[in-house]
Amino acid sequence: MNAEWRFCLCEERLLVKKASFVDLPLVKKNSIEYRSYQVNIAEIAEKESTMVVLSTGLGKTVIAALIAAKRLKLHQDSKVLFLAPSRPLVDQQAQFLRRVLDINADSIVCMTGQDSPDDRRTIWANAQVIVMTPQALQNDLVRRSYDLAKVSLIIYDEAHRGVGNYAYTFIAEMYEKQRENTLSLGITASPGHQAEHIKTVCDNLRLVHVEVRNDQSPDVRDYIVSVESAIRYVTLPPEIEVLRDILYSLLNDYIAPVVNNGFSLPDGRRLSKKEILKAQGEVRREIGSYTKPPRQLYLVMRNLTASLRIVHLLEFIGTQGLAPTHRYIQGMYEEVRNKKSSKGVKDLISRLEFKQFENLLQAMVAKGYRHPKADAILEIVSEQLSVNLDSRILIFTRFRDTAIEVVEILSQLDETRASRFVGQSTRGSDKGLSQKKQVEILEGFRNNEFNVLVATQVGEEGLDIPECNLVVFYDCVPSVVPYIQRKGRTGRRAPGRVVIFVAKGTHDEFYHWSVIRKLKKMPDALKEAEKEQDDKQTSLDEFASEADEEPSSPSTGTAHVSKTDDTIRLIVDSRELPTGVARELTRLNVEISDESLKIGDYIVSEDVAVERKEMGDFIQSLIDGRLFDQLIALRSAYRRPVLIMEGEQLIGLRAVNPAAIYGALASIAIRVQVPIIWTRNAEETAIVLYRMAHLEQIGAKKTLRTRSGETMGTDAKALEYILSGFPGVDTVISRAILAEFGTLEKVFSAEEKDLQRVSGVGKKIASRIRRLLTTEHPDYNENNKEGS
């Protein structure tokens, strides 16, 4: 075969390589450089759902675009769904697809949680390629805003996230249920170092094949650019060692009583967060075994909480710097002022040794002392810019406070134009960056307005950060995933350099060598996962027979929703939509309407409403005083309020006296008179809610509507409340009727045919309204008889 040409005839589609660009239907001419490994993987992944593991910079998104073009050509009335875990990443992927796909650019759309549910429903209906965040899609599937029946391909970007309760897992399940001819593509550079984890992701996302390419793969080797990697060791100065010694001494003081009470912990210099958390679990279980726990167990828990903070301070002072550590301490004081801190934190900041540490730290910051990494970063950045003044430099750190300091340090260099790049969420007084600001900063980095970007985790995953000449790990990461993602920011099109800072004798060393060990395990883990996925593929006939079977009941075996059941509906508080309960209700075929509820979490009928408490939330709401206010409001608004307690451990979960918890439960049942139902998990909670709704809506024919224990805030609310008292008229329908007629007087004088003009009001509801308006009450008839 001629080296310049390659033909692949596949179901009457012709793929041609000519010169250096892909020639494929629905792919714009000269938009995608021809790379054999991308074409080969796309040919495989268009036939079966596949996990593609490919190093950063080698074009995973290009493979996704090739398969999308193939599916849109084959299924011309279908949609392609591209899921990405963040709003900036959604915007980036949509821009790329508009650039390479030869379809109407307006039919390639972005959808995130910033768009309203109604807007998303409209956008979905008119779009051909939808790029969106998985959480927004999950919420829409729970609401039944639309389904996935027309989706011919789902692409899961950063597919390694597809574990646990992450939205990818629910979406994959719904896709399998709602469409017969499914195809899924998972793309990631860092699937993890354990075969079991990789297999779990594949199972969760219904991916039956794994395609892996690394630097040594024959078809990739020609596209690999050299990356020079170096470790820069720094030694802590005596001044910082003095600070650490104070913390170690304080830590030993805290753990001594813990050990004396029979809980095993190593010496303070070898103590890890993991060991402290394990000891806390043991203490909680011990507390839970007593009706009246010994006081010293609470002191042990307090000491462990304080110890956890000290270990975190040791990591900060050893790997981050003096100013970031000082900012972290100020955050601890803010917690205490806002009454959000534990007794352990309060005790820690009251200790004389801690005051000594804080005073010495403040004095050193005031005198200009810095972590040795500060001088190292100045040296490396200055050296890089002296060699190439047009260099782009990306510096990674795990903490926002450190990013602030690094930007301040680099401001000393005249040739640097540095910007901090962090996430959108608010952390204490740090408001984060809006999506618009993130895009502006990346654009500034791209056009050389900034030549240094100091980024936290948000810069690691997937974002199209321009080619960097130098990447610096200001600190080490304990996980393989961010390590690979950080390194992948350089050496994409031109040779690059990676420098990893390691502070000797600190968490940096432990994290670095831990990741190196995990990286050595990754090739074998991928081979094992690849082999297992291929071995257990199910034939198409088996898939077809499975699809025809009746949907199985949940694993508890206590509920089954038959196809002949009437539709069950629930009104769900909007804050509950992202939870596992909402997902399980969707699996039970419950129709969910979400509202911002002032009272309750789930409305079952006009009489029954439910407050759901996970065990941790129950204890926290007991501590902060919310619990009884919520339940009293629930009791006053609904005839039959219910409290669902979800979880398997209540006593010992927090260092709260069991007598206080038992007393609260007794008061709820006897004084407040709210029944308590216990469930182990979200699945059981959903089953209980389903059965309650079935009893009320199907059995007792009760109307579904919200109530308020307070006087209606507005006349409009009062009008809706009155009208929703008619059988079959819920809050939504009452609002629609009033929007049509304006006043109750006009509603009550309307003819049956006029009422039926309103959406949701059929002949049955209209006739019932008219009949009730003219029906005399029995007592009225009796009084007439007596009067005569």
# chains A, B, ... in the order shown; residues from 1 in each chain; ligands from 1
$ residues_around --residues "region 77-86 of chain A" --least-positions-apart "3" --cutoff "7 Å" --atoms "only C-alpha atoms" --output "list in words"
Ala68, Leu72, Leu89, Val90, Gln128, Val129, Ile130, Val131, Met132, Thr133, Pro134, Lys150, Val151, Ser152, Leu153, Ile154, Ile155, Tyr156 and Asp157 of chain A
$ select_by_dssp --residues "region 31-234 of chain A" --states "strand (DSSP E or B)" --output "PyMOL selection string"
chain A and resi 33+50-54+79-83+101+108-111+129-132+151-157+184-188+209-213+227-234
$ residues_around --residues "Thr706 (chain A)" --least-positions-apart "5" --cutoff "12 Å" --atoms "only C-alpha atoms" --output "MDAnalysis selection string"
chainID A and resid 570:573 593:610 634 637:639 717 720:722 724:725 729:732 734
$ residues_around --residues "region 742-752 of chain A" --least-positions-apart "2" --cutoff "10 Å" --atoms "only C-alpha atoms" --output "PyMOL selection string"
chain A and resi 716+719-720+722-723+735-740+754-757+761-771+773-774
$ write_last_selection --atoms "C-alpha atoms" --output "PDB file, in the first residue's frame"
ATOM      1  CA  ALA A 716     -50.828  34.911  44.774  1.00  0.00           C
ATOM      2  CA  LEU A 719     -54.916  31.911  45.691  1.00  0.00           C
ATOM      3  CA  GLU A 720     -52.806  28.957  44.503  1.00  0.00           C
ATOM      4  CA  ILE A 722     -57.028  27.584  47.825  1.00  0.00           C
ATOM      5  CA  LEU A 723     -57.355  26.302  44.263  1.00  0.00           C
ATOM      6  CA  ARG A 735     -50.861  28.234  38.977  1.00  0.00           C
ATOM      7  CA  ALA A 736     -51.693  27.495  35.314  1.00  0.00           C
ATOM      8  CA  ILE A 737     -55.447  27.912  35.924  1.00  0.00           C
ATOM      9  CA  LEU A 738     -54.947  31.265  37.645  1.00  0.00           C
ATOM     10  CA  ALA A 739     -52.631  32.402  34.862  1.00  0.00           C
ATOM     11  CA  GLU A 740     -55.490  31.688  32.413  1.00  0.00           C
ATOM     12  CA  ASP A 754     -63.185  26.743  29.283  1.00  0.00           C
ATOM     13  CA  LEU A 755     -61.355  25.016  32.137  1.00  0.00           C
ATOM     14  CA  GLN A 756     -60.105  22.339  29.750  1.00  0.00           C
ATOM     15  CA  ARG A 757     -58.171  24.992  27.793  1.00  0.00           C
ATOM     16  CA  VAL A 761     -56.699  20.160  33.089  1.00  0.00           C
ATOM     17  CA  GLY A 762     -58.545  17.391  31.319  1.00  0.00           C
ATOM     18  CA  LYS A 763     -62.230  16.542  31.191  1.00  0.00           C
ATOM     19  CA  LYS A 764     -62.038  14.568  34.449  1.00  0.00           C
ATOM     20  CA  ILE A 765     -60.520  17.412  36.525  1.00  0.00           C
ATOM     21  CA  ALA A 766     -62.712  20.079  34.902  1.00  0.00           C
ATOM     22  CA  SER A 767     -65.917  18.157  35.543  1.00  0.00           C
ATOM     23  CA  ARG A 768     -64.873  17.446  39.138  1.00  0.00           C
ATOM     24  CA  ILE A 769     -64.263  21.165  39.781  1.00  0.00           C
ATOM     25  CA  ARG A 770     -67.642  22.089  38.333  1.00  0.00           C
ATOM     26  CA  ARG A 771     -69.423  19.315  40.259  1.00  0.00           C
ATOM     27  CA  LEU A 773     -68.694  23.971  43.086  1.00  0.00           C
ATOM     28  CA  THR A 774     -72.401  23.108  42.829  1.00  0.00           C
TER      29      THR A 774
END
$ residues_around --residues "Val227 (chain A)" --least-positions-apart "4" --cutoff "8 Å" --atoms "only C-alpha atoms" --output "list in words"
Thr490, Gly491, Pro495, Gly496, Arg497 and Val498 of chain A
$ write_last_selection --atoms "N, CA and C atoms" --output "short mmCIF file (atom, residue, chain, number, x, y, z; two decimals), in the first residue's frame"
data_model
loop_
_atom_site.label_atom_id
_atom_site.label_comp_id
_atom_site.auth_asym_id
_atom_site.auth_seq_id
_atom_site.Cartn_x
_atom_site.Cartn_y
_atom_site.Cartn_z
N THR A 490 3.52 20.03 29.32
CA THR A 490 4.65 20.42 28.49
C THR A 490 5.01 19.26 27.57
N GLY A 491 5.84 19.55 26.55
CA GLY A 491 6.28 18.51 25.62
C GLY A 491 5.18 18.03 24.70
N PRO A 495 9.96 20.29 22.58
CA PRO A 495 10.60 19.77 23.80
C PRO A 495 10.32 20.67 25.00
N GLY A 496 10.15 20.06 26.16
CA GLY A 496 9.85 20.81 27.37
C GLY A 496 10.67 20.31 28.54
N ARG A 497 10.44 20.97 29.67
CA ARG A 497 11.20 20.63 30.87
C ARG A 497 10.25 20.60 32.06
N VAL A 498 10.45 19.63 32.94
CA VAL A 498 9.68 19.51 34.17
C VAL A 498 10.65 19.51 35.34
#
$ atom_distance --atom1 "CA of Asp115 (chain A)" --atom2 "CA of Leu148 (chain A)"
19.0 Å
$ atom_distance --atom1 "CA of Arg640 (chain A)" --atom2 "CA of Phe618 (chain A)"
20.1 Å
$ residues_around --residues "Gly580 (chain A)" --least-positions-apart "3" --cutoff "9 Å" --atoms "only C-alpha atoms" --output "number ranges by chain"
A: 165, 576-577, 583-585, 681-683, 686
$ write_last_selection --atoms "N, CA, C and O atoms" --output "PDB file, in the first residue's frame"
ATOM      1  N   ASN A 165     -20.452   7.623  43.417  1.00  0.00           N
ATOM      2  CA  ASN A 165     -21.689   8.342  43.114  1.00  0.00           C
ATOM      3  C   ASN A 165     -21.500   9.452  42.087  1.00  0.00           C
ATOM      4  O   ASN A 165     -22.384  10.289  41.914  1.00  0.00           O
ATOM      5  N   GLU A 576     -31.953  18.380  46.982  1.00  0.00           N
ATOM      6  CA  GLU A 576     -31.884  16.928  47.045  1.00  0.00           C
ATOM      7  C   GLU A 576     -31.633  16.283  45.678  1.00  0.00           C
ATOM      8  O   GLU A 576     -31.345  15.089  45.601  1.00  0.00           O
ATOM      9  N   LEU A 577     -31.733  17.061  44.599  1.00  0.00           N
ATOM     10  CA  LEU A 577     -31.587  16.489  43.260  1.00  0.00           C
ATOM     11  C   LEU A 577     -30.247  15.794  43.029  1.00  0.00           C
ATOM     12  O   LEU A 577     -30.196  14.740  42.409  1.00  0.00           O
ATOM     13  N   ARG A 583     -31.456   9.820  42.398  1.00  0.00           N
ATOM     14  CA  ARG A 583     -31.077   8.854  41.359  1.00  0.00           C
ATOM     15  C   ARG A 583     -31.851   7.543  41.514  1.00  0.00           C
ATOM     16  O   ARG A 583     -32.323   6.968  40.534  1.00  0.00           O
ATOM     17  N   GLU A 584     -31.975   7.074  42.766  1.00  0.00           N
ATOM     18  CA  GLU A 584     -32.695   5.820  42.999  1.00  0.00           C
ATOM     19  C   GLU A 584     -34.180   5.965  42.680  1.00  0.00           C
ATOM     20  O   GLU A 584     -34.803   5.028  42.159  1.00  0.00           O
ATOM     21  N   LEU A 585     -34.760   7.119  42.968  1.00  0.00           N
ATOM     22  CA  LEU A 585     -36.166   7.348  42.618  1.00  0.00           C
ATOM     23  C   LEU A 585     -36.369   7.300  41.106  1.00  0.00           C
ATOM     24  O   LEU A 585     -37.366   6.778  40.610  1.00  0.00           O
ATOM     25  N   ASN A 681     -29.454   3.187  53.481  1.00  0.00           N
ATOM     26  CA  ASN A 681     -28.773   3.888  52.395  1.00  0.00           C
ATOM     27  C   ASN A 681     -29.802   4.572  51.500  1.00  0.00           C
ATOM     28  O   ASN A 681     -31.012   4.486  51.725  1.00  0.00           O
ATOM     29  N   ALA A 682     -29.293   5.248  50.462  1.00  0.00           N
ATOM     30  CA  ALA A 682     -30.169   6.003  49.557  1.00  0.00           C
ATOM     31  C   ALA A 682     -31.156   5.100  48.844  1.00  0.00           C
ATOM     32  O   ALA A 682     -32.306   5.487  48.594  1.00  0.00           O
ATOM     33  N   GLU A 683     -30.741   3.890  48.519  1.00  0.00           N
ATOM     34  CA  GLU A 683     -31.612   2.957  47.820  1.00  0.00           C
ATOM     35  C   GLU A 683     -32.834   2.616  48.669  1.00  0.00           C
ATOM     36  O   GLU A 683     -33.979   2.652  48.190  1.00  0.00           O
ATOM     37  N   ALA A 686     -35.238   5.590  48.954  1.00  0.00           N
ATOM     38  CA  ALA A 686     -36.057   5.745  47.750  1.00  0.00           C
ATOM     39  C   ALA A 686     -37.214   4.744  47.740  1.00  0.00           C
ATOM     40  O   ALA A 686     -38.343   5.082  47.354  1.00  0.00           O
TER      41      ALA A 686
END
$ closest_residue --among "A:Ser49, A:Ser425, A:Asn181, A:Gln384" --to "Leu470 (chain A)" --atoms "only C-alpha atoms"
A:Gln384
$ select_by_dssp --residues "region 150-211 of chain A" --states "alpha helix (DSSP H)" --output "list in words"
Ala167, Tyr168, Thr169, Phe170, Ile171, Ala172, Glu173, Met174, Tyr175, Glu176, Lys177, Gln178, Ala195, Glu196, His197, Ile198, Lys199, Thr200, Val201, Cys202, Asp203 and Asn204 of chain A
$ write_last_selection --atoms "C-alpha atoms" --output "mmCIF file, in the first residue's frame"
data_model
loop_
_atom_site.group_PDB
_atom_site.id
_atom_site.type_symbol
_atom_site.label_atom_id
_atom_site.label_comp_id
_atom_site.auth_asym_id
_atom_site.auth_seq_id
_atom_site.Cartn_x
_atom_site.Cartn_y
_atom_site.Cartn_z
ATOM 1 C CA ALA A 167 -22.789 11.466 37.832
ATOM 2 C CA TYR A 168 -21.075 9.514 35.019
ATOM 3 C CA THR A 169 -22.168 6.210 36.577
ATOM 4 C CA PHE A 170 -25.861 7.161 36.717
ATOM 5 C CA ILE A 171 -25.791 8.593 33.186
ATOM 6 C CA ALA A 172 -24.271 5.370 31.808
ATOM 7 C CA GLU A 173 -27.038 3.360 33.477
ATOM 8 C CA MET A 174 -29.787 5.605 32.070
ATOM 9 C CA TYR A 175 -28.213 5.499 28.599
ATOM 10 C CA GLU A 176 -28.271 1.708 28.647
ATOM 11 C CA LYS A 177 -31.964 1.752 29.639
ATOM 12 C CA GLN A 178 -33.147 4.451 27.249
ATOM 13 C CA ALA A 195 -6.309 -2.815 37.829
ATOM 14 C CA GLU A 196 -9.395 -3.086 40.045
ATOM 15 C CA HIS A 197 -10.048 0.664 39.806
ATOM 16 C CA ILE A 198 -9.684 0.659 36.015
ATOM 17 C CA LYS A 199 -12.043 -2.332 35.709
ATOM 18 C CA THR A 200 -14.575 -0.595 37.965
ATOM 19 C CA VAL A 201 -14.564 2.491 35.729
ATOM 20 C CA CYS A 202 -15.066 0.335 32.628
ATOM 21 C CA ASP A 203 -17.940 -1.571 34.253
ATOM 22 C CA ASN A 204 -19.614 1.598 35.503
#
$ residues_around --residues "region 446-460 of chain A" --least-positions-apart "4" --cutoff "7 Å" --atoms "only C-alpha atoms" --output "ChimeraX atom specification"
/A:391-400,403,407,416-423,442,466,482,485-486
$ atom_distance --atom1 "CA of Ala323 (chain A)" --atom2 "CA of Arg270 (chain A)"
25.0 Å
$ closest_residue --among "A:Lys346, A:Met51, A:Leu251, A:Val220" --to "Ser184 (chain A)" --atoms "only C-alpha atoms"
A:Met51
$ closest_residue --among "A:Lys520, A:Arg285, A:Ile67, A:Glu684" --to "Leu101 (chain A)" --atoms "only C-alpha atoms"
A:Ile67
$ closest_residue --among "A:Thr182, A:Ser55, A:Ser226, A:Gln114" --to "Arg206 (chain A)" --atoms "only C-alpha atoms"
A:Thr182
